[in-house]
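Student: Quick one, run37.cif (mmCIF, C-alpha atoms):
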data_input
#
loop_
_atom_site.label_atom_id
_atom_site.label_comp_id
_atom_site.auth_asym_id
_atom_site.auth_seq_id
_atom_site.Cartn_x
_atom_site.Cartn_y
_atom_site.Cartn_z
CA MET A 1 -33.73 40.79 12.84
CA GLY A 2 -31.04 41.14 10.21
CA ILE A 3 -30.76 37.41 9.67
CA ARG A 4 -34.52 37.07 9.27
CA ILE A 5 -34.62 39.79 6.62
CA ILE A 6 -31.72 38.31 4.71
CA CYS A 7 -33.18 34.79 4.88
CA LEU A 8 -36.48 36.14 3.62
CA LEU A 9 -34.81 37.98 0.75
CA SER A 10 -32.86 34.89 -0.14
CA PHE A 11 -35.98 32.79 -0.32
CA ILE A 12 -37.64 35.47 -2.43
CA SER A 13 -34.74 35.32 -4.84
CA PHE A 14 -35.10 31.56 -5.38
CA GLY A 15 -36.32 32.23 -8.89
CA LEU A 16 -33.02 33.74 -9.82
CA ASP A 17 -30.42 32.03 -11.85
CA ALA A 18 -27.94 30.30 -9.64
CA ARG A 19 -25.62 27.40 -9.81
CA PRO A 20 -25.30 24.47 -7.51
CA VAL A 21 -23.69 24.82 -4.16
CA SER A 22 -22.85 21.27 -4.96
CA TYR A 23 -24.50 19.53 -7.88
CA THR A 24 -28.09 18.49 -7.31
CA GLY A 25 -28.16 15.54 -4.94
CA GLY A 26 -24.52 16.01 -4.02
CA SER A 27 -23.10 15.81 -0.52
CA THR A 28 -19.95 17.39 0.84
CA ILE A 29 -18.01 16.76 4.01
CA MET A 30 -15.32 19.17 5.08
CA THR A 31 -13.12 19.92 7.99
CA PHE A 32 -11.60 23.31 8.66
CA SER A 33 -9.15 24.62 11.20
CA ASP A 34 -7.74 28.10 11.83
CA ASN A 35 -6.83 30.31 14.78
CA LEU A 36 -10.49 30.77 15.78
CA LYS A 37 -12.03 27.33 15.41
CA ASN A 38 -11.93 23.72 14.38
CA SER A 39 -15.00 22.60 12.52
CA PHE A 40 -16.51 19.61 10.84
CA TYR A 41 -19.23 20.36 8.31
CA TYR A 42 -21.55 18.20 6.26
CA HIS A 43 -23.93 19.64 3.69
CA TYR A 44 -26.35 18.31 1.16
CA SER A 45 -27.64 20.09 -1.94
CA PRO A 46 -31.27 19.18 -2.69
CA SER A 47 -31.04 21.55 -5.61
CA TYR A 48 -28.17 23.08 -7.48
CA LYS A 49 -29.17 26.41 -5.96
CA TYR A 50 -28.67 25.81 -2.26
CA SER A 51 -27.39 23.52 0.43
CA VAL A 52 -28.38 22.68 3.98
CA GLY A 53 -26.04 21.19 6.49
CA ILE A 54 -24.74 20.90 9.99
CA GLU A 55 -21.42 22.19 11.27
CA ASN A 56 -19.89 21.14 14.54
CA ILE A 57 -17.55 23.75 15.99
CA LYS A 58 -14.84 23.73 18.60
CA ASP A 59 -14.52 27.43 19.27
CA LYS A 60 -10.94 28.21 20.25
CA TYR A 61 -11.44 31.88 21.01
CA PHE A 62 -14.42 31.50 23.38
CA SER A 63 -13.48 27.95 24.50
CA ASP A 64 -16.89 26.61 23.56
CA ASP A 65 -18.44 23.74 21.60
CA TYR A 66 -21.64 24.06 19.60
CA SER A 67 -23.19 23.30 16.22
CA TYR A 68 -24.76 25.35 13.47
CA MET A 69 -27.65 24.39 11.25
CA ARG A 70 -26.43 25.94 8.06
CA PHE A 71 -28.05 27.24 4.92
CA THR A 72 -26.08 28.40 1.90
CA TYR A 73 -27.65 29.85 -1.19
CA LEU A 74 -25.99 30.76 -4.43
CA LEU A 75 -27.33 34.21 -5.16
CA ASN A 76 -25.74 34.55 -8.53
CA ARG A 77 -23.51 32.81 -10.99
CA LYS A 78 -22.21 34.09 -14.28
CA ASN A 79 -20.80 31.46 -16.60
CA THR A 80 -18.77 32.33 -19.63
CA LYS A 81 -16.68 30.09 -21.83
CA ASP A 82 -13.53 30.96 -19.90
CA SER A 83 -14.71 32.11 -16.50
CA GLN A 84 -17.17 31.71 -13.72
CA ARG A 85 -18.35 34.22 -11.10
CA ASN A 86 -20.33 33.34 -7.98
CA LEU A 87 -21.96 35.13 -5.10
CA TYR A 88 -23.19 33.12 -2.13
CA PHE A 89 -25.26 33.92 0.91
CA GLN A 90 -24.46 31.85 3.98
CA SER A 91 -26.14 31.58 7.34
CA GLY A 92 -26.33 29.36 10.40
CA ILE A 93 -28.33 29.09 13.59
CA SER A 94 -26.50 27.85 16.67
CA SER A 95 -27.43 24.90 18.84
CA LYS A 96 -27.03 27.40 21.70
CA GLY A 97 -30.26 29.12 20.68
CA PHE A 98 -31.87 31.30 18.06
CA ASN A 99 -30.12 34.41 19.37
CA GLU A 100 -26.74 32.99 18.35
CA PHE A 101 -26.24 32.82 14.61
CA PHE A 102 -24.11 33.97 11.71
CA TYR A 103 -24.72 35.31 8.25
CA GLY A 104 -22.59 36.60 5.45
CA VAL A 105 -21.66 36.53 1.84
CA HIS A 106 -18.76 35.15 -0.08
CA GLY A 107 -17.95 35.38 -3.72
CA ASP A 108 -15.40 34.38 -6.27
CA TRP A 109 -14.39 34.80 -9.87
CA GLU A 110 -12.14 32.35 -11.59
CA THR A 111 -10.73 31.27 -14.87
CA ARG A 112 -8.62 28.17 -15.27
CA ARG A 113 -5.58 30.34 -14.55
CA PHE A 114 -6.70 33.05 -12.11
CA PHE A 115 -8.83 33.23 -8.99
CA ILE A 116 -10.20 36.08 -6.88
CA GLY A 117 -12.37 35.56 -3.82
CA PHE A 118 -13.76 37.34 -0.79
CA GLY A 119 -15.90 36.61 2.25
CA LEU A 120 -17.70 38.60 4.94
CA LYS A 121 -19.27 36.88 7.91
CA GLU A 122 -20.98 38.40 10.93
CA THR A 123 -21.35 36.15 13.96
CA GLU A 124 -23.75 37.13 16.72
CA LYS A 125 -23.14 35.57 20.14
CA LYS A 126 -24.39 36.31 23.63
CA ILE A 127 -20.86 37.13 24.76
CA GLN A 128 -19.69 39.21 21.83
CA ASP A 129 -20.55 39.76 18.19
CA TYR A 130 -17.78 39.81 15.66
CA LEU A 131 -17.05 40.20 11.97
CA GLU A 132 -14.66 38.11 9.91
CA GLN A 133 -13.50 39.02 6.44
CA TYR A 134 -11.05 37.66 3.93
CA TYR A 135 -9.83 38.41 0.44
CA GLN A 136 -7.75 36.19 -1.77
CA ILE A 137 -6.13 36.22 -5.15
CA GLY A 138 -4.52 33.25 -6.82
CA VAL A 139 -2.94 31.73 -9.85
CA ALA A 140 -2.70 28.18 -11.13
CA PRO A 141 0.97 27.51 -11.92
CA TYR A 142 -0.04 24.99 -14.58
CA LEU A 143 -3.28 24.05 -16.30
CA GLY A 144 -4.21 20.47 -15.63
CA ASP A 145 -6.67 18.45 -17.65
CA TYR A 146 -9.84 17.00 -16.21
CA GLY A 147 -8.91 14.38 -13.62
CA ASP A 148 -5.38 15.66 -13.12
CA PHE A 149 -3.90 16.89 -9.87
CA HIS A 150 -4.61 20.64 -9.75
CA THR A 151 -2.71 23.28 -7.79
CA TRP A 152 -3.43 26.88 -6.89
CA ILE A 153 -1.11 29.38 -5.27
CA ILE A 154 -3.13 31.95 -3.35
CA LEU A 155 -2.36 35.10 -1.42
CA LYS A 156 -4.92 35.51 1.35
CA ALA A 157 -5.61 38.41 3.69
CA LYS A 158 -7.98 37.96 6.61
CA GLU A 159 -9.14 39.92 9.62
CA ASN A 160 -11.61 39.53 12.44
CA SER A 161 -12.96 42.15 14.81
CA LEU A 162 -12.01 40.07 17.85
CA GLU A 163 -8.29 40.47 17.23
CA ASN A 164 -8.66 43.48 14.97
CA LYS A 165 -5.56 42.90 12.90
CA TRP A 166 -4.93 41.74 9.38
CA SER A 167 -2.96 38.65 8.46
CA THR A 168 -1.69 38.19 4.94
CA TYR A 169 -0.16 34.88 4.00
CA PRO A 170 0.26 32.30 1.23
CA VAL A 171 -2.20 29.48 0.76
CA LEU A 172 -1.82 26.38 -1.37
CA LYS A 173 -4.88 24.66 -2.77
CA PHE A 174 -4.86 21.22 -4.28
CA PHE A 175 -7.57 19.08 -5.69
CA LYS A 176 -7.93 15.87 -7.56
CA GLY A 177 -11.18 14.18 -8.38
CA ASN A 178 -13.57 14.68 -5.49
CA ILE A 179 -10.91 15.65 -2.97
CA PHE A 180 -9.89 19.22 -2.15
CA MET A 181 -7.16 20.39 0.24
CA GLU A 182 -6.08 23.87 1.30
CA PHE A 183 -3.18 24.85 3.51
CA GLY A 184 -2.15 28.31 4.63
CA TYR A 185 0.32 29.49 7.22
CA HIS A 186 0.95 32.77 9.02
CA LYS A 187 3.35 33.14 11.94
CA GLN A 188 0.72 34.87 14.10
CA THR A 189 -2.40 32.92 13.19
CA ASN A 190 -0.59 29.65 12.48
CA TRP A 191 -2.19 27.14 10.16
CA ASP A 192 -5.34 27.33 8.08
CA VAL A 193 -6.27 23.83 6.98
CA HIS A 194 -9.30 23.00 4.89
CA LEU A 195 -10.09 19.51 3.61
CA MET A 196 -13.13 18.62 1.55
CA TYR A 197 -14.64 15.54 -0.05
CA ARG A 198 -17.63 15.71 -2.37
CA PHE A 199 -19.79 12.73 -3.27
CA MET B 1 -22.28 45.06 7.83
CA LYS B 2 -26.03 44.42 7.72
CA LYS B 3 -26.50 47.22 5.23
CA ILE B 4 -23.78 45.80 3.01
CA LEU B 5 -25.38 42.38 3.06
CA LEU B 6 -28.80 43.72 2.28
CA LEU B 7 -27.39 45.74 -0.59
CA LEU B 8 -25.66 42.67 -1.98
CA VAL B 9 -28.83 40.60 -1.79
CA PHE B 10 -30.85 43.28 -3.54
CA THR B 11 -28.14 43.76 -6.13
CA SER B 12 -28.09 40.07 -6.87
CA ILE B 13 -31.77 40.15 -7.79
CA THR B 14 -31.10 42.51 -10.65
CA TRP B 15 -27.65 41.18 -11.33
CA ALA B 16 -28.79 37.60 -11.77
CA GLU B 17 -28.68 36.22 -15.22
CA ASN B 18 -31.00 33.59 -16.59
CA PRO B 19 -28.89 30.91 -18.25
CA HIS B 20 -31.72 30.10 -20.62
CA ASP B 21 -31.30 33.52 -22.19
CA HIS B 22 -27.99 32.37 -23.53
CA MET B 23 -29.00 29.03 -24.88
CA HIS B 24 -28.84 28.64 -28.60
CA ASN B 25 -30.61 26.14 -30.74
CA SER B 26 -29.31 22.66 -31.15
CA HIS B 27 -27.16 21.95 -34.14
CA GLU B 28 -27.99 18.29 -34.48
CA GLY B 29 -27.49 16.72 -37.87
CA HIS B 30 -24.25 18.27 -39.02
CA LEU B 31 -21.65 16.09 -40.64
CA HIS B 32 -19.23 14.14 -38.56
CA GLU B 33 -16.24 15.21 -40.64
CA LYS B 34 -17.25 18.81 -40.42
CA LEU B 35 -17.51 18.57 -36.68
CA VAL B 36 -14.20 16.83 -36.10
CA ASP B 37 -12.21 18.96 -38.47
CA GLY B 38 -14.38 22.04 -38.41
CA LYS B 39 -13.23 25.14 -36.61
CA LYS B 40 -16.63 25.99 -35.25
CA TYR B 41 -16.59 23.28 -32.60
CA GLU B 42 -12.82 23.02 -32.25
CA VAL B 43 -12.90 19.40 -31.23
CA ASP B 44 -9.43 18.12 -30.58
CA PRO B 45 -9.11 15.37 -33.25
CA GLU B 46 -6.67 13.31 -31.20
CA ARG B 47 -8.82 13.52 -28.12
CA PHE B 48 -11.88 12.63 -30.17
CA ASP B 49 -10.12 9.63 -31.75
CA ARG B 50 -9.11 8.38 -28.31
CA PHE B 51 -12.64 8.79 -27.10
CA ILE B 52 -14.24 6.77 -29.91
CA MET B 53 -11.47 4.16 -30.14
CA ASP B 54 -13.40 1.41 -28.37
CA LEU B 55 -16.88 2.51 -29.35
CA LYS B 56 -19.19 0.83 -31.86
CA ASP B 57 -22.79 1.47 -32.83
CA SER B 58 -22.76 4.67 -30.89
CA GLN B 59 -23.67 8.30 -31.28
CA ILE B 60 -21.63 11.05 -29.74
CA ALA B 61 -23.14 14.23 -28.39
CA VAL B 62 -20.59 17.03 -28.55
CA LEU B 63 -21.48 19.95 -26.32
CA ASN B 64 -20.08 23.39 -25.82
CA VAL B 65 -20.44 24.23 -22.16
CA LYS B 66 -19.99 27.56 -20.40
CA GLY B 67 -18.57 27.81 -16.89
CA MET B 68 -16.55 24.63 -16.93
CA VAL B 69 -13.40 26.24 -15.60
CA CYS B 70 -12.75 23.97 -12.67
CA ASP B 71 -12.23 20.22 -12.44
CA PHE B 72 -13.95 20.10 -9.05
CA CYS B 73 -16.98 21.92 -10.45
CA ALA B 74 -17.31 19.69 -13.50
CA ARG B 75 -17.42 16.48 -11.44
CA GLY B 76 -21.20 16.64 -11.24
CA ILE B 77 -21.56 16.49 -15.02
CA GLU B 78 -19.65 13.26 -15.21
CA LYS B 79 -21.54 11.83 -12.25
CA THR B 80 -24.94 12.77 -13.67
CA PHE B 81 -24.40 11.21 -17.09
CA LYS B 82 -22.63 8.13 -15.84
CA LYS B 83 -25.78 7.21 -13.93
CA GLU B 84 -27.63 6.77 -17.21
CA ALA B 85 -27.73 3.22 -18.52
CA ASN B 86 -27.64 4.32 -22.16
CA VAL B 87 -24.51 6.42 -21.70
CA LYS B 88 -21.43 4.44 -22.63
CA LYS B 89 -18.75 7.00 -21.96
CA ILE B 90 -18.17 10.66 -21.15
CA ASP B 91 -15.22 12.99 -21.63
CA VAL B 92 -14.76 16.45 -20.16
CA ASP B 93 -12.33 18.80 -21.90
CA LEU B 94 -11.74 21.75 -19.60
CA SER B 95 -9.37 23.51 -21.97
CA LYS B 96 -11.96 23.78 -24.75
CA GLY B 97 -15.10 23.75 -22.64
CA LYS B 98 -16.38 20.59 -24.34
CA VAL B 99 -18.24 17.56 -23.11
CA LEU B 100 -18.43 14.41 -25.24
CA ILE B 101 -21.11 11.89 -24.35
CA ALA B 102 -21.34 8.50 -26.09
CA TYR B 103 -24.82 7.00 -26.25
CA ASN B 104 -26.22 3.79 -27.66
CA ASN B 105 -27.33 4.20 -31.24
CA THR B 106 -30.91 3.55 -30.26
CA GLN B 107 -31.06 6.41 -27.78
CA LYS B 108 -32.95 9.52 -28.83
CA ILE B 109 -30.74 12.46 -27.93
CA THR B 110 -32.28 15.86 -27.35
CA PHE B 111 -30.41 19.02 -26.60
CA GLU B 112 -33.08 20.17 -24.16
CA ASP B 113 -32.65 17.06 -22.03
CA ILE B 114 -28.86 17.26 -21.94
CA LYS B 115 -28.92 21.01 -21.39
CA GLU B 116 -31.14 20.56 -18.35
CA LYS B 117 -28.88 17.89 -16.89
CA ILE B 118 -25.86 20.15 -17.28
CA LEU B 119 -27.74 23.09 -15.84
CA ILE B 120 -28.52 21.21 -12.61
CA ASN B 121 -24.78 21.00 -12.15
CA GLY B 122 -24.47 24.74 -12.58
CA GLN B 123 -23.02 24.99 -16.06
CA ASN B 124 -24.68 26.11 -19.27
CA ALA B 125 -24.67 23.97 -22.41
CA ILE B 126 -24.88 26.37 -25.30
CA ASP B 127 -25.05 24.05 -28.29
CA MET B 128 -24.76 20.44 -29.34
CA GLN B 129 -23.97 18.37 -32.35
CA VAL B 130 -24.50 14.64 -32.72
CA ILE B 131 -22.12 12.33 -34.52
CA ASN B 132 -23.20 8.84 -35.55
CA LEU B 133 -20.40 6.29 -35.59
#
Write the structure described by the file as structure tokens, please.

Tutor:
Amino acid sequence: MGIRIICLLSFISFGLDARPVSYTGGSTIMTFSDNLKNSFYYHYSPSYKYSVGIENIKDKYFSDDYSYMRFTYLLNRKNTKDSQRNLYFQSGISSKGFNEFFYGVHGDWETRRFFIGFGLKETEKKIQDYLEQYYQIGVAPYLGDYGDFHTWIILKAKENSLENKWSTYPVLKFFKGNIFMEFGYHKQTNWDVHLMYRF
Amino acid sequence: MKKILLLLVFTSITWAENPHDHMHNSHEGHLHEKLVDGKKYEVDPERFDRFIMDLKDSQIAVLNVKGMVCDFCARGIEKTFKKEANVKKIDVDLSKGKVLIAYNNTQKITFEDIKEKILINGQNAIDMQVINL
């Protein structure tokens, strides 16, 4: 029920100002790995306001494989000369059936020097529902020009209701051109790895 | 959790800002010298000279753009304009929030057209000046 209401509200809000999830007509492929899952995700942005995609998941916690049809909508963006703020709605329906899905929000605010982000995601499964959340704050150690190799040093804290404990750890983000890489490590949750290519 | 999400969605409806509200009128027609040296647009003269070094019979659209804080985010601007046959060259200056676009001299440049193309990438062009070389 909740997902239907949120989807409906998101569609209603299509007239709002928003920015691209990618740029209009842009595609993104990404792979992500952490203590809960390995995933491969492709999305396409028909408009700068939203993206649709498919994510294949190897679920480490429940030892399961499935896919999500995903929909992400940028609820709000505030551009200023020196900063940008975003709020996204994200959702996905599982290949296991309509009664397995996720929904959530994530947001960020950044300047060329500083970054703050958060995410909340509720996953509903037949076996067990769970909530994931993260918060991060970062700084760019140097300001690169357009086309340069860019680096961010991030402190990330995350928690999920399956394990019910917080992990706080450093994350390094790098990007150059259309390629983005993110690496984080915590002794309990091991590696977070996120690779992305936009085209 | 569901209540929080619903609240955020509702909040976003009132929170949302229309980028068109912040668009100003085009400033086409100002003098080249005034633009390059002028403080209003703060064009880096060295960067500008490098940009026009190999250009002839061109006109340069100089845009102030809001929200261009990230290299990864600004990629779409370059990609969009490079697709156009009449665009010779483009330069993105993240530090000053500027985009320089070199067009053929015959091309009619309108701020509305460029503004829309930047908007579909998620940034807001707030003004423009055109320099004829």

Student: For chain A, list the residues within 6 Å of chain B, counting all atoms listed in the file, and write the list as a ChimeraX atom specification.

Tutor: /A:17,19-20,23-24,48,76,79-81,83-84,111-112,146

Student: Go ahead and save the picked residues with C-alpha atoms, as a tab-separated table (two decimals), keeping the file's coordinate frame.

Tutor:
chain	number	residue	atom	x	y	z
A	17	ASP	CA	-30.42	32.03	-11.85
A	19	ARG	CA	-25.62	27.40	-9.81
A	20	PRO	CA	-25.30	24.47	-7.51
A	23	TYR	CA	-24.50	19.53	-7.88
A	24	THR	CA	-28.09	18.49	-7.31
A	48	TYR	CA	-28.17	23.08	-7.48
A	76	ASN	CA	-25.74	34.55	-8.53
A	79	ASN	CA	-20.80	31.46	-16.60
A	80	THR	CA	-18.77	32.33	-19.63
A	81	LYS	CA	-16.68	30.09	-21.83
A	83	SER	CA	-14.71	32.11	-16.50
A	84	GLN	CA	-17.17	31.71	-13.72
A	111	THR	CA	-10.73	31.27	-14.87
A	112	ARG	CA	-8.62	28.17	-15.27
A	146	TYR	CA	-9.84	17.00	-16.21

Student: Mind listing whatever residues come within 12 Å of the point (-27.6, 6.3, -19.6)? Use only C-alpha atoms, file coordinates, and give them as an NGL selection string.

Tutor: :B and (78-90 or 101-109 or 114 or 117)

Student: Using all atoms listed in the file, determine which residues lie at most 6 Å from segment 151-167 of chain A, disregarding the query and same-chain residues fewer than 5 positions distant; provide the list as number ranges by chain.

Tutor: A: 130-140, 172-174

Student: Would you kindly translate the PyMOL selection byres ((chain A and resi 66) around 9) into the concrete residues it picks from this file, as a ChimeraX atom specification?

Tutor: /A:55-59,64-65,67-68,94-96

Student: Nearest to Glu112 of chain B among B:Met53, B:Leu133, B:Met128, B:Val43, with distances taken over all atoms listed in the file: which residue is it?

Tutor: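 Checking each of B:Met53, B:Leu133, B:Met128, B:Val43 against Glu112 of chain B, counting all atoms listed in the file, the winner is B:Met128.
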
Student: For Val62 of chain B, work out the shell of residues within 6 Å, counting all atoms listed in the file and skipping chain neighbours fewer than 5 positions away, then give it as a list in words.

Tutor: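 Residues near the query, excluding close chain neighbours: Val99, Leu100, Met128 and Gln129 of chain B.
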
Student: Quick one: residues within 8 Å of (-21.5, 36.2, 14.0) (file frame), counting all atoms listed in the file, please, as a ChimeraX atom specification.

Tutor: /A:100-103,121-125,129-131

Student: Just the residues within 8 Å of Phe149 of chain A, please, counting all atoms listed in the file, with nothing from its chain fewer than 4 positions along; format it as a ChimeraX atom specification.

Tutor: /A:144,174-177

Student: Residues at most 12 Å from Ser27 of chain A, counting all atoms listed in the file, excluding those fewer than 6 positions away in the same chain, as an MDAnalysis selection string?

Tutor: (chainID A and resid 20:21 41:48 50:54 178 196:199) or (chainID B and resid 76)
